[in-house]
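A.B. asks: This is start.cif (mmCIF, C-alpha atoms).
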```
data_input
loop_
_atom_site.label_atom_id
_atom_site.label_comp_id
_atom_site.auth_asym_id
_atom_site.auth_seq_id
_atom_site.Cartn_x
_atom_site.Cartn_y
_atom_site.Cartn_z
CA MET A 1 82.85 95.96 108.96
CA THR A 2 83.55 95.13 105.34
CA SER A 3 85.82 92.52 103.89
CA SER A 4 87.60 93.11 100.62
CA PHE A 5 87.84 89.40 99.89
CA THR A 6 85.27 87.63 97.77
CA GLU A 7 83.23 84.84 99.32
CA LEU A 8 84.95 82.45 96.93
CA GLN A 9 88.36 83.52 98.21
CA LEU A 10 87.32 83.19 101.84
CA ASP A 11 85.82 79.75 101.11
CA ALA A 12 89.08 78.65 99.54
CA LEU A 13 91.06 79.95 102.52
CA ARG A 14 88.71 78.15 104.92
CA GLU A 15 89.23 74.95 102.97
CA LEU A 16 93.01 75.41 103.15
CA ALA A 17 92.75 75.94 106.90
CA ASN A 18 90.52 72.89 107.20
CA ILE A 19 92.99 70.58 105.49
CA ALA A 20 96.00 72.09 107.25
CA SER A 21 94.39 71.74 110.67
CA GLY A 22 93.49 68.16 109.75
CA SER A 23 97.22 67.40 109.43
CA ALA A 24 97.86 69.19 112.71
CA ALA A 25 95.12 67.18 114.45
CA THR A 26 96.55 63.92 113.11
CA ALA A 27 99.99 64.82 114.45
CA LEU A 28 98.62 65.74 117.88
CA SER A 29 96.51 62.60 117.97
CA ARG A 30 99.60 60.44 117.30
CA ILE A 31 101.58 62.09 120.08
CA LEU A 32 98.82 61.82 122.65
CA ALA A 33 97.36 58.52 121.38
CA ARG A 34 93.91 60.09 121.67
CA ASP A 35 91.28 61.30 119.27
CA VAL A 36 91.60 64.94 118.35
CA GLY A 37 88.66 66.83 116.89
CA ILE A 38 88.84 69.95 114.77
CA SER A 39 86.30 72.73 114.69
CA LEU A 40 85.08 74.21 111.46
CA PRO A 41 87.75 76.77 110.61
CA ARG A 42 86.98 80.43 110.18
CA ALA A 43 88.56 82.74 107.62
CA LEU A 44 88.19 86.23 109.01
CA ALA A 45 89.10 89.32 107.08
CA LEU A 46 88.68 92.12 109.58
CA PRO A 47 90.00 95.53 110.58
CA LEU A 48 92.89 95.04 113.04
CA ALA A 49 90.96 95.94 116.18
CA ASP A 50 88.11 93.55 115.31
CA ALA A 51 90.58 90.79 114.46
CA VAL A 52 92.07 91.03 117.96
CA ASP A 53 88.60 90.87 119.53
CA ALA A 54 87.69 87.86 117.37
CA CYS A 55 90.55 85.88 118.94
CA GLY A 56 89.20 86.12 122.48
CA SER A 57 89.34 88.21 125.63
CA PRO A 58 92.35 90.56 125.19
CA GLU A 59 93.44 90.67 128.82
CA GLU A 60 93.34 86.91 129.48
CA THR A 61 96.75 85.40 130.09
CA VAL A 62 97.35 82.47 127.73
CA ALA A 63 100.21 80.25 126.67
CA CYS A 64 101.23 80.62 123.05
CA VAL A 65 103.65 79.15 120.58
CA VAL A 66 104.69 81.41 117.72
CA ILE A 67 106.28 80.08 114.56
CA GLY A 68 107.47 82.43 111.85
CA VAL A 69 106.99 81.19 108.29
CA ASP A 70 109.32 81.99 105.46
CA GLY A 71 109.90 80.74 101.94
CA ASP A 72 107.19 81.26 99.33
CA LEU A 73 104.81 82.61 101.96
CA SER A 74 105.42 85.17 104.64
CA ALA A 75 103.19 84.50 107.62
CA THR A 76 103.05 83.64 111.30
CA VAL A 77 101.53 80.54 112.85
CA LEU A 78 100.16 81.11 116.32
CA LEU A 79 98.93 78.46 118.72
CA LEU A 80 96.97 79.71 121.70
CA ILE A 81 96.20 77.57 124.71
CA GLY A 82 94.35 78.72 127.82
CA LEU A 83 96.59 78.38 130.90
CA ARG A 84 94.49 75.60 132.42
CA HIS A 85 94.34 73.72 129.15
CA ALA A 86 98.10 74.09 128.75
CA GLY A 87 98.45 72.46 132.15
CA ASN A 88 96.17 69.61 131.07
CA LEU A 89 98.19 69.13 127.91
CA CYS A 90 101.39 68.85 129.98
CA THR A 91 99.74 66.28 132.20
CA LEU A 92 98.67 64.28 129.14
CA LEU A 93 102.27 64.36 128.00
CA GLY A 94 103.42 63.14 131.40
CA VAL A 95 105.34 66.28 132.31
CA GLU A 96 104.73 68.71 135.15
CA PRO A 97 103.01 71.94 134.08
CA GLY A 98 104.81 75.21 134.78
CA THR A 99 108.25 73.62 134.94
CA GLU A 100 111.06 74.07 132.46
CA ILE A 101 110.40 70.58 131.10
CA GLY A 102 106.68 71.34 130.89
CA ASP A 103 107.40 74.49 128.89
CA SER A 104 109.82 72.71 126.65
CA ALA A 105 107.22 70.01 125.97
CA LEU A 106 104.61 72.67 125.11
CA GLY A 107 107.06 74.34 122.73
CA GLU A 108 107.80 71.03 121.10
CA ILE A 109 104.13 70.13 120.74
CA GLY A 110 103.59 73.54 119.19
CA ASN A 111 106.45 72.90 116.84
CA ILE A 112 105.18 69.51 115.73
CA ILE A 113 101.59 70.49 115.17
CA GLY A 114 102.58 73.87 113.71
CA THR A 115 104.84 72.27 111.14
CA SER A 116 102.20 69.61 110.38
CA TYR A 117 99.77 72.43 109.70
CA LEU A 118 102.30 74.04 107.36
CA ASN A 119 102.96 70.72 105.62
CA GLY A 120 99.24 70.44 104.98
CA LEU A 121 99.25 73.94 103.50
CA ALA A 122 102.33 73.24 101.42
CA THR A 123 100.85 70.05 99.99
CA MET A 124 97.67 71.85 98.96
CA THR A 125 99.28 74.91 97.46
CA GLY A 126 102.64 73.60 96.26
CA LEU A 127 104.30 76.46 98.15
CA ARG A 128 107.66 75.96 99.79
CA LEU A 129 107.17 76.88 103.44
CA THR A 130 110.02 77.14 105.91
CA PRO A 131 109.06 77.26 109.58
CA GLY A 132 111.29 79.18 111.98
CA PRO A 133 112.09 78.08 115.55
CA PRO A 134 109.04 77.95 117.85
CA GLN A 135 108.79 80.47 120.67
CA LEU A 136 106.74 79.77 123.75
CA SER A 137 105.45 82.56 125.91
CA ARG A 138 102.70 83.34 128.38
CA ASP A 139 101.10 86.70 128.06
CA MET A 140 97.93 88.67 127.50
CA LEU A 141 96.06 87.35 124.48
CA GLY A 142 95.50 90.83 123.09
CA ALA A 143 99.17 91.77 123.41
CA ILE A 144 100.22 88.61 121.57
CA VAL A 145 97.74 88.88 118.72
CA ALA A 146 98.02 92.67 118.33
CA THR A 147 101.82 92.54 118.19
CA LEU A 148 101.81 89.83 115.52
CA LEU A 149 99.12 91.63 113.52
CA ALA A 150 101.02 94.92 113.71
CA GLU A 151 103.97 93.14 112.13
CA THR A 152 102.10 91.06 109.56
CA ALA A 153 99.36 93.46 108.49
CA GLY A 154 101.72 96.44 108.53
CA ALA A 155 100.06 99.63 107.37
CA GLU A 156 97.00 97.82 106.01
CA ASP A 157 93.98 98.02 108.23
CA LEU A 158 92.79 94.61 107.10
CA ALA A 159 93.98 91.47 108.83
CA LEU A 160 93.31 87.98 107.62
CA VAL A 161 93.00 85.38 110.35
CA LEU A 162 92.57 81.68 109.56
CA ASP A 163 91.40 80.19 112.77
CA SER A 164 90.62 76.62 113.79
CA GLU A 165 90.44 74.75 117.05
CA LEU A 166 91.80 71.34 118.02
CA ASP A 167 90.04 69.49 120.82
CA VAL A 168 91.52 66.53 122.59
CA SER A 169 88.72 64.07 123.09
CA GLY A 170 87.67 63.49 126.69
CA GLU A 171 89.92 66.24 128.07
CA PRO A 172 89.34 69.94 128.62
CA CYS A 173 92.23 70.74 126.33
CA ALA A 174 91.65 73.02 123.35
CA ILE A 175 94.29 74.60 121.15
CA SER A 176 93.43 77.55 118.93
CA PHE A 177 95.33 77.61 115.76
CA LEU A 178 95.84 80.83 113.82
CA LEU A 179 97.57 81.56 110.57
CA LEU A 180 98.33 85.23 110.09
CA PRO A 181 99.67 85.89 106.59
CA THR A 182 101.23 89.20 105.66
CA ALA A 183 99.30 91.34 103.17
CA GLY A 184 101.40 89.89 100.33
CA GLY A 185 101.16 86.40 101.82
CA ILE A 186 97.41 86.28 101.30
CA SER A 187 97.73 86.50 97.54
CA ASP A 188 100.61 83.99 97.68
CA LEU A 189 98.18 81.56 99.32
CA LEU A 190 95.44 82.21 96.79
CA ALA A 191 97.58 82.32 93.66
CA PRO A 192 98.20 78.53 93.40
CA LEU A 193 94.42 78.07 93.55
CA GLY A 194 93.93 80.54 90.72
CA LEU A 195 92.08 82.96 93.02
CA ALA A 196 94.61 85.70 93.64
CA GLY A 197 92.79 87.98 91.17
CA ASP A 198 91.76 90.91 93.27
CA THR A 199 93.08 90.65 96.78
CA PRO A 200 93.15 94.04 98.51
CA MET B 1 85.55 102.54 127.48
CA ASN B 2 87.75 100.10 125.67
CA VAL B 3 90.20 101.90 123.35
CA ARG B 4 91.23 99.30 120.79
CA MET B 5 94.14 99.11 118.33
CA GLY B 6 94.37 102.34 116.35
CA GLU B 7 91.61 104.08 118.30
CA ILE B 8 91.58 107.37 120.22
CA ALA B 9 89.10 108.31 122.94
CA VAL B 10 88.71 111.45 125.01
CA SER B 11 86.41 112.21 127.89
CA ALA B 12 85.32 115.15 130.00
CA GLN B 13 83.08 113.05 132.23
CA SER B 14 83.80 113.13 135.92
CA ASP B 15 83.78 109.37 136.32
CA CYS B 16 85.05 107.63 133.24
CA GLU B 17 87.51 104.85 132.59
CA LEU B 18 89.50 104.65 129.36
CA VAL B 19 91.34 101.35 128.88
CA ALA B 20 93.85 99.98 126.42
CA LEU B 21 93.75 96.21 127.01
CA GLY B 22 96.68 93.98 126.15
CA LEU B 23 99.27 96.41 124.85
CA GLY B 24 102.15 94.46 123.33
CA SER B 25 104.32 96.34 120.86
CA CYS B 26 101.57 98.97 120.73
CA ILE B 27 101.86 102.13 122.82
CA GLY B 28 99.13 103.42 125.08
CA LEU B 29 99.38 107.20 125.31
CA ALA B 30 97.41 108.83 128.12
CA MET B 31 96.92 112.60 128.50
CA VAL B 32 95.14 114.04 131.51
CA ASP B 33 94.33 117.49 132.78
CA TRP B 34 93.15 116.65 136.29
CA GLU B 35 92.10 120.21 137.06
CA ALA B 36 89.81 120.43 134.03
CA GLY B 37 88.70 116.82 134.46
CA ILE B 38 89.72 115.85 130.94
CA ALA B 39 91.41 112.65 129.84
CA GLY B 40 92.39 111.07 126.56
CA LEU B 41 93.88 107.78 125.48
CA ALA B 42 95.37 106.62 122.17
CA HIS B 43 96.23 103.00 121.30
CA ILE B 44 99.06 103.45 118.80
CA VAL B 45 100.08 100.54 116.56
CA LEU B 46 102.90 101.66 114.28
CA PRO B 47 105.50 104.44 114.21
CA GLU B 48 104.89 106.14 110.87
CA SER B 49 101.92 106.77 108.63
CA ARG B 50 104.01 107.35 105.51
CA GLY B 51 101.30 109.58 104.10
CA ASP B 52 98.39 107.29 104.95
CA GLY B 53 96.02 109.72 106.62
CA ARG B 54 93.03 107.38 106.87
CA HIS B 55 93.76 105.99 110.32
CA ALA B 56 95.10 108.82 112.44
CA GLY B 57 94.92 106.83 115.65
CA LYS B 58 97.06 104.03 114.35
CA PHE B 59 100.34 105.84 113.70
CA ALA B 60 102.52 107.67 116.22
CA ASP B 61 103.22 110.65 113.95
CA LEU B 62 99.47 111.33 113.50
CA ALA B 63 98.01 110.02 116.76
CA VAL B 64 100.09 112.23 119.07
CA PRO B 65 98.99 115.59 117.56
CA GLU B 66 95.44 114.22 117.07
CA LEU B 67 95.03 113.21 120.73
CA LEU B 68 96.54 116.50 121.87
CA ALA B 69 94.14 118.47 119.65
CA ARG B 70 91.17 116.50 120.96
CA VAL B 71 91.91 116.95 124.68
CA ARG B 72 92.59 120.65 124.04
CA SER B 73 89.32 121.05 122.19
CA LEU B 74 87.57 119.77 125.33
CA GLY B 75 89.35 122.44 127.34
CA ALA B 76 92.56 120.79 128.55
CA ARG B 77 95.56 123.12 128.92
CA VAL B 78 98.97 121.98 127.74
CA SER B 79 100.58 123.60 130.80
CA ARG B 80 98.55 121.31 133.10
CA LEU B 81 98.71 118.22 130.97
CA LYS B 82 100.16 115.04 132.46
CA VAL B 83 101.28 112.49 129.93
CA ALA B 84 102.04 108.81 130.45
CA ILE B 85 103.11 106.19 127.93
CA ALA B 86 103.06 102.42 128.29
CA GLY B 87 103.73 99.42 126.08
CA GLY B 88 106.29 99.09 123.32
CA ALA B 89 107.33 95.62 124.44
CA ARG B 90 109.38 93.24 122.36
CA MET B 91 107.03 90.29 122.71
CA PHE B 92 108.81 87.92 120.39
CA ALA B 93 112.33 87.69 119.12
CA LEU B 94 111.40 86.21 115.76
CA GLU B 95 114.10 86.17 113.17
CA GLY B 96 113.71 88.77 110.49
CA THR B 97 110.99 90.70 112.26
CA MET B 98 111.50 94.28 113.25
CA ASP B 99 111.28 95.42 116.82
CA VAL B 100 108.09 97.39 116.34
CA GLY B 101 107.77 98.06 120.07
CA SER B 102 110.92 100.13 120.51
CA ARG B 103 110.33 101.93 117.21
CA ASN B 104 106.85 102.81 118.40
CA GLU B 105 108.19 104.17 121.66
CA GLU B 106 110.84 106.22 119.91
CA ALA B 107 108.29 107.64 117.48
CA VAL B 108 105.81 108.54 120.23
CA ARG B 109 108.53 110.21 122.32
CA GLY B 110 109.71 112.12 119.24
CA ALA B 111 106.21 113.29 118.35
CA LEU B 112 105.62 114.43 121.95
CA VAL B 113 108.84 116.45 121.88
CA ASP B 114 107.71 118.02 118.59
CA ALA B 115 104.39 118.88 120.22
CA GLY B 116 106.17 120.47 123.19
CA VAL B 117 104.74 118.02 125.71
CA THR B 118 106.83 116.28 128.37
CA ILE B 119 106.26 112.73 129.59
CA ALA B 120 105.52 112.46 133.29
CA ALA B 121 105.67 108.67 133.53
CA ALA B 122 106.54 105.78 131.27
CA HIS B 123 106.25 102.02 131.62
CA THR B 124 107.72 100.70 128.42
CA GLY B 125 109.92 98.05 126.84
CA GLY B 126 110.55 94.63 128.28
CA ARG B 127 108.83 91.53 126.98
CA GLN B 128 105.47 91.63 128.74
CA GLY B 129 102.05 92.73 127.61
CA ARG B 130 100.31 95.45 129.64
CA THR B 131 96.94 97.04 130.26
CA LEU B 132 96.76 100.82 130.69
CA ARG B 133 93.78 102.37 132.50
CA VAL B 134 92.88 106.02 132.92
CA HIS B 135 90.29 106.56 135.66
CA THR B 136 89.14 110.15 135.72
CA GLY B 137 86.95 109.64 138.78
CA ARG B 138 89.70 108.16 140.93
CA GLY B 139 92.34 110.44 139.49
CA ARG B 140 94.62 107.59 138.56
CA VAL B 141 96.47 106.26 135.56
CA THR B 142 97.44 102.66 136.22
CA ILE B 143 99.37 99.95 134.43
CA ARG B 144 99.16 96.20 134.87
CA SER B 145 101.63 93.77 133.34
CA ALA B 146 100.56 90.27 132.32
CA GLY B 147 100.12 88.21 135.47
CA GLY B 148 100.89 91.20 137.71
CA LYS B 149 99.08 93.71 139.90
CA PRO B 150 98.13 97.25 138.89
CA VAL B 151 100.70 99.95 139.56
CA VAL B 152 99.97 103.69 139.68
CA LEU B 153 101.69 105.62 136.90
CA LEU B 154 100.05 108.99 137.47
CA ALA B 155 97.93 110.28 140.33
CA ALA B 156 95.83 113.42 140.57
CA PRO B 157 96.87 115.86 143.27
CA ALA B 158 95.02 115.35 146.52
CA ALA B 159 92.36 118.07 146.53
CA PRO B 160 92.44 120.78 147.60
CA SER B 161 96.01 121.55 146.72
CA GLY B 162 97.57 124.75 145.55
CA ARG B 163 100.91 123.32 144.58
CA PRO B 164 101.73 123.62 140.90
CA ASP B 165 103.11 120.11 140.55
CA PRO B 166 101.84 117.85 143.25
CA SER B 167 102.86 114.62 141.56
CA PRO B 168 104.60 112.51 144.18
CA TYR B 169 106.57 110.70 141.50
CA PRO B 170 109.80 111.73 139.79
CA LEU B 171 109.62 112.80 136.19
CA ASN B 172 110.55 110.75 133.17
CA MET B 173 110.72 107.40 134.87
CA THR B 174 111.46 104.69 132.40
CA ASN B 175 110.24 101.99 134.68
CA ALA B 176 107.73 102.31 137.44
CA PHE B 177 107.93 98.85 138.96
CA GLY B 178 108.86 100.34 142.31
CA LEU B 179 105.64 102.30 142.58
CA ALA B 180 103.20 99.56 143.54
CA GLU B 181 100.65 100.73 146.01
CA GLY B 182 97.24 99.64 147.18
CA ILE B 183 94.65 100.94 144.74
#
```
Would you mind giving the structure from this file in structure tokens?
C.D. replies:
Amino acid sequence: MTSSFTELQLDALRELANIASGSAATALSRILARDVGISLPRALALPLADAVDACGSPEETVACVVIGVDGDLSATVLLLIGLRHAGNLCTLLGVEPGTEIGDSALGEIGNIIGTSYLNGLATMTGLRLTPGPPQLSRDMLGAIVATLLAETAGAEDLALVLDSELDVSGEPCAISFLLLPTAGGISDLLAPLGLAGDTP
Amino acid sequence: MNVRMGEIAVSAQSDCELVALGLGSCIGLAMVDWEAGIAGLAHIVLPESRGDGRHAGKFADLAVPELLARVRSLGARVSRLKVAIAGGARMFALEGTMDVGSRNEEAVRGALVDAGVTIAAAHTGGRQGRTLRVHTGRGRVTIRSAGGKPVVLLAAPAAPSGRPDPSPYPLNMTNAFGLAEGI
């Protein structure tokens, strides 16, 4: 399993993810009026099949919010929430899980923290990032991640996954946060930092 | 054995399970020769290789002939081969993204026609992820949609049987939701 990114590039991407997920955590914390912790982000450059495995158990059904990103960077933001944790999040928001209102609240939460994440990225890199409409679905983790990777990585067999986790303090409620840039998007992210040099 | 994105696996063991977990827009392509006890599974990601020969299992145009060659090299006969496909869902309707799932299905079907192989069962399209399992020991190919129960796509003839095509299911089904049975 080899990565064609330099350690310096991966460090820079991790730092971007760290700052971006900080903005997302702040947004979530405001909505819920609770502390939200963030895990140390990972920047994974892996063959497609390994990238899917790195995201979790492929057959587990999860809730997800997908936000397409356009503008100076072509990428997808993916929020993954275990079904039980999604239910807890709904309860924290005061809506009933599994109902239309519950789903709409999850989509909206995804939208707010997803766009906060992108704002964080945009501030750091100076890139103009335009989020698309959020889409909520419940499906097998592997099917969600593999489908997005097939579209973003295209013919390349190398996927870049920036991955961080938000944890609502005192509640079993964790949200995994993934940024999946297209092959060209990776160098777009690194270029403003002067590190685009030799991306694969 | 877990057959991941872009991988191909074949087996001649009498009790083996080949699985493609969480197929979204990807296609799981199963080929079985029950009589010879040979099974193969490909987890296909994209329709066309466009000359990229490095990852044969990833692209429909390369994976179909590759899987066929590998089950044949173990002793499977094309005349006995049962083929099932599953997956090709449109998981998201994101603006500006291509519908990889239906293009994958089309490419796999096209490559199978080119190879002279007919599809015995298909469970494709829709918006749900799926898991495809090939159990050689139990003589079953099953599919499970997200949140659902397994459904039999292909079943080995009940032995001993002299009939040439003992499959109890009609050919070329595009949707096998009606076939749920206790397995």
A.B. asks: Find the residues in chain A near chain B: any atom within 7 Å counts, using all atoms listed in the file. Write them as a list in words.
C.D. replies: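 Listing them in order of chain and number gives Leu48, Ala49, Pro58, Glu59, Thr61, Gly68, Asp139, Met140, Leu141, Gly142, Ala143, Ile144, Ala146, Thr147 and Ala150 of chain A.
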A.B. asks: Find, counting all atoms listed in the file, the residue in A:Leu93, A:Leu149, A:Ile175, A:Leu189 that gets nearest to Val65 in chain A.
C.D. replies: A:Ile175
A.B. asks: May I have the residues within 8 Å of Val71 in chain B as a VMD selection string, using all atoms listed in the file and disregarding those fewer than 3 positions away in the same chain?
C.D. replies: chain B and resid 10 to 11 31 38 to 40 67 to 68 74 to 76
A.B. asks: Report, in Å to a single decimal, how far apart CA of Asp35 in chain A and CA of Asn119 in chain A are.
C.D. replies: 20.3 Å
A.B. asks: Might you pull out every residue within 10 Å of Arg42 in chain A, with only C-alpha atoms counted and same-chain residues fewer than 4 positions away left off, and present them as a PyMOL selection string?
C.D. replies: chain A and resi 10-11+13-15+17-18+161-165+178
A.B. asks: Between CA of Leu79 in chain A and CA of Phe177 in chain A, what is the spacing in Å?
C.D. replies: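 So the answer is 4.7 Å.
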A.B. asks: For a test of reading the model, state the distance in Å between CA of Thr115 in chain A and CA of Ser137 in chain A, rounded to one decimal.
C.D. replies: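 Spanning CA of Thr115 in chain A to CA of Ser137 in chain A is a straight-line distance of 18.0 Å.
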A.B. asks: Starting from the point (102.8, 104.9, 130.0), work out which residues of protein, DNA or RNA have an atom no more than 8 Å away when counting all atoms listed in the file; state them as a ChimeraX atom specification.
C.D. replies: /B:27-30,83-87,121-124,132,143,153
